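Colleague: The following block contains the structure, expressed as structure tokens.
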Amino acid sequence: MASGSVSGTPCSLKDELLCSICLSLYQDPVSFGCEHYFCRRCITEHWSRQEAAAAPLRDCPECRRTFAAPALAPSLKLANVVERYAAFPLDALLLAAAAAAAAAGPRGLGAGGGAAAAAAAAAACAKEHAKVKLFCLTDRAVVCFFCDQPALHEQHQVTSLDEACEELQRELKEQLQTLQDSERGHTEALALLKRQLADTKSSAKGLRATIGEAFERLHRLLRERQKAMLEELEADTARTLTDIEQKIQRYSQQLRKVQEGSQLIQERLAEADKHTFLAGFASLSERLKGKIHETNLTYEDFPTSKYMGPLQYTIWKSLFHDIHPVPATLTLDPATAHQRLILSDDCTIVAYGNLHPQPLQDSPKRFDVEVSVLGSEAFGGGVHYWEVVVSEKTQWMIGLAHEAVSRKGSIQIQPSRGFYCIVMHDGNQYSACTEPWTRLNVKSKLEKVGVFLDYEKGLLIFYNADDMSWLYTFREKFPGKLCSYFSPGQSHANGKNVQPLRINTVRI
């Protein structure tokens, strides 16, 4: 390779950078007077072999010119070009690099001194090395084939400016699409949040009114019960006082007569003359008539028991019949029950029977695949509440169903099919039968479930009836009458899930 020459095609450039001894890129290139270059190690080993053969002179493996004592001179410029080629081994770019380097001449590889030289070098790079500029995708930076340090970009992804522009433009377009999608998503989310904000304010206002009305009704009922109880107390007090005062008056009159009789007897006993004592005795007996009264009066407590004892419980029981809704006494419709289900005589308990199906007459009302049964009453309006005991079970499903739901074949229990239910499954998991199911956050196993229906408002709410904690809410526009729905699930021979479902009957 001639000193400073980087001309030719990419292939000839690579050939120029190969050591003719090892046929690899130069490692520490040196020359010794004939302008041919070799790796320092390669030429040293070549001459060592000549010494071993007792050769008097040392030659150049390229031109065979001999030297008595050649001095090896390092070529920093050639080493720099090799280093850059090794850092950017892009055959497509070497053609441009070689052409630009040939046009630049020695100036393209030289190094200036001082600030002026640095400025001139930068200007020269911008002008004369434009065709050999590359782009490091790893560092996201433009690099020069000749001016930058190759070691900084070893193992990096380096490409041409055109390819880099295409790649980065593609990335930016993808980011733009992502940002636009995100913008649409955030716009929709903000619109949803604003709607939720308005709905929440409106709902909170309505709920405040509902809570106020509920407590005001309780307060009114309590005030009415208080007034009635106080009036009853006043009536009992007045009646008792009147009775006592009448008895006091009567016994006072009787006391005066008794005292009069006692005085008459004492006067007769004080008579010393026997004739006189005996002569007036007959009239004494007549005068004593009506003066002697027996007293069998005993102390009677005021009737305080009705106003004492468990007074709050007594008041609550009196209020219970005025509170609405209270747990309703529902019954099951035997005509809808699957043949495997066994109902109690009062139709408030349902269990799965492991024996053969009961010989029941089939009808369009009866479930033939799903082990289910409906309540007897259909709700077409109003507010209703009932409770179902589910303790000791590992599987069950309860809720509401349209009066006209299909009863035949396998049925998907979901709102689009006319069912609004919650389910216990897998022994300890609870879900709402939505599409798909919604897992419920139940902290402890349910013993009793409350079901609340406000038909006009389209609300069906499930509660843990033990503490009235909320479980799930269906919000629907009910198209027709609804029936309560029960499925005790199948029981197993190992004794699991054999307990029935029982409608909780509250008696006060």
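Scheme for the structure tokens: letters A, B, ... for chains in order shown; per-chain residue numbers from 1; ligand numbers from 1 in order shown.
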What lies within 12 Å of Gly290 (chain A) using only C-alpha atoms, ignoring chain neighbours under 6 positions off, as a PyMOL selection string?

Modeller: chain A and resi 253-261

Colleague: Give me every helix (DSSP H, G or I) residue in region 192-417 of chain A, going by DSSP on the backbone, as a ChimeraX atom specification.

Modeller: /A:192-269,274-279,281-288,305-307,311-320,334-336,415-417

Colleague: So that I can check the surroundings of Leu161 (chain A), please list as a list of chain:residue names every protein, DNA and RNA residue that reaches within 9 Å of it, counting only C-alpha atoms and ignoring chain neighbours fewer than 5 positions away.

Modeller: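 The residues satisfying every condition are A:Lys133, A:Leu134, A:Phe135, A:Val142, A:Glu166.
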
Colleague: So, with only C-alpha atoms as the atoms that count, which of A:Ala189, A:Ile398, A:Val405, A:Leu446 lies closest to Cys421 (chain A)?

Modeller: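 Closest residue, counting only C-alpha atoms: A:Ile398.
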
Colleague: Using only C-alpha atoms, pick whichever of A:Arg287, A:Arg140, A:Arg340, A:Lys274 has the shortest atom-to-atom distance to Gly353 (chain A).

Modeller: A:Arg340
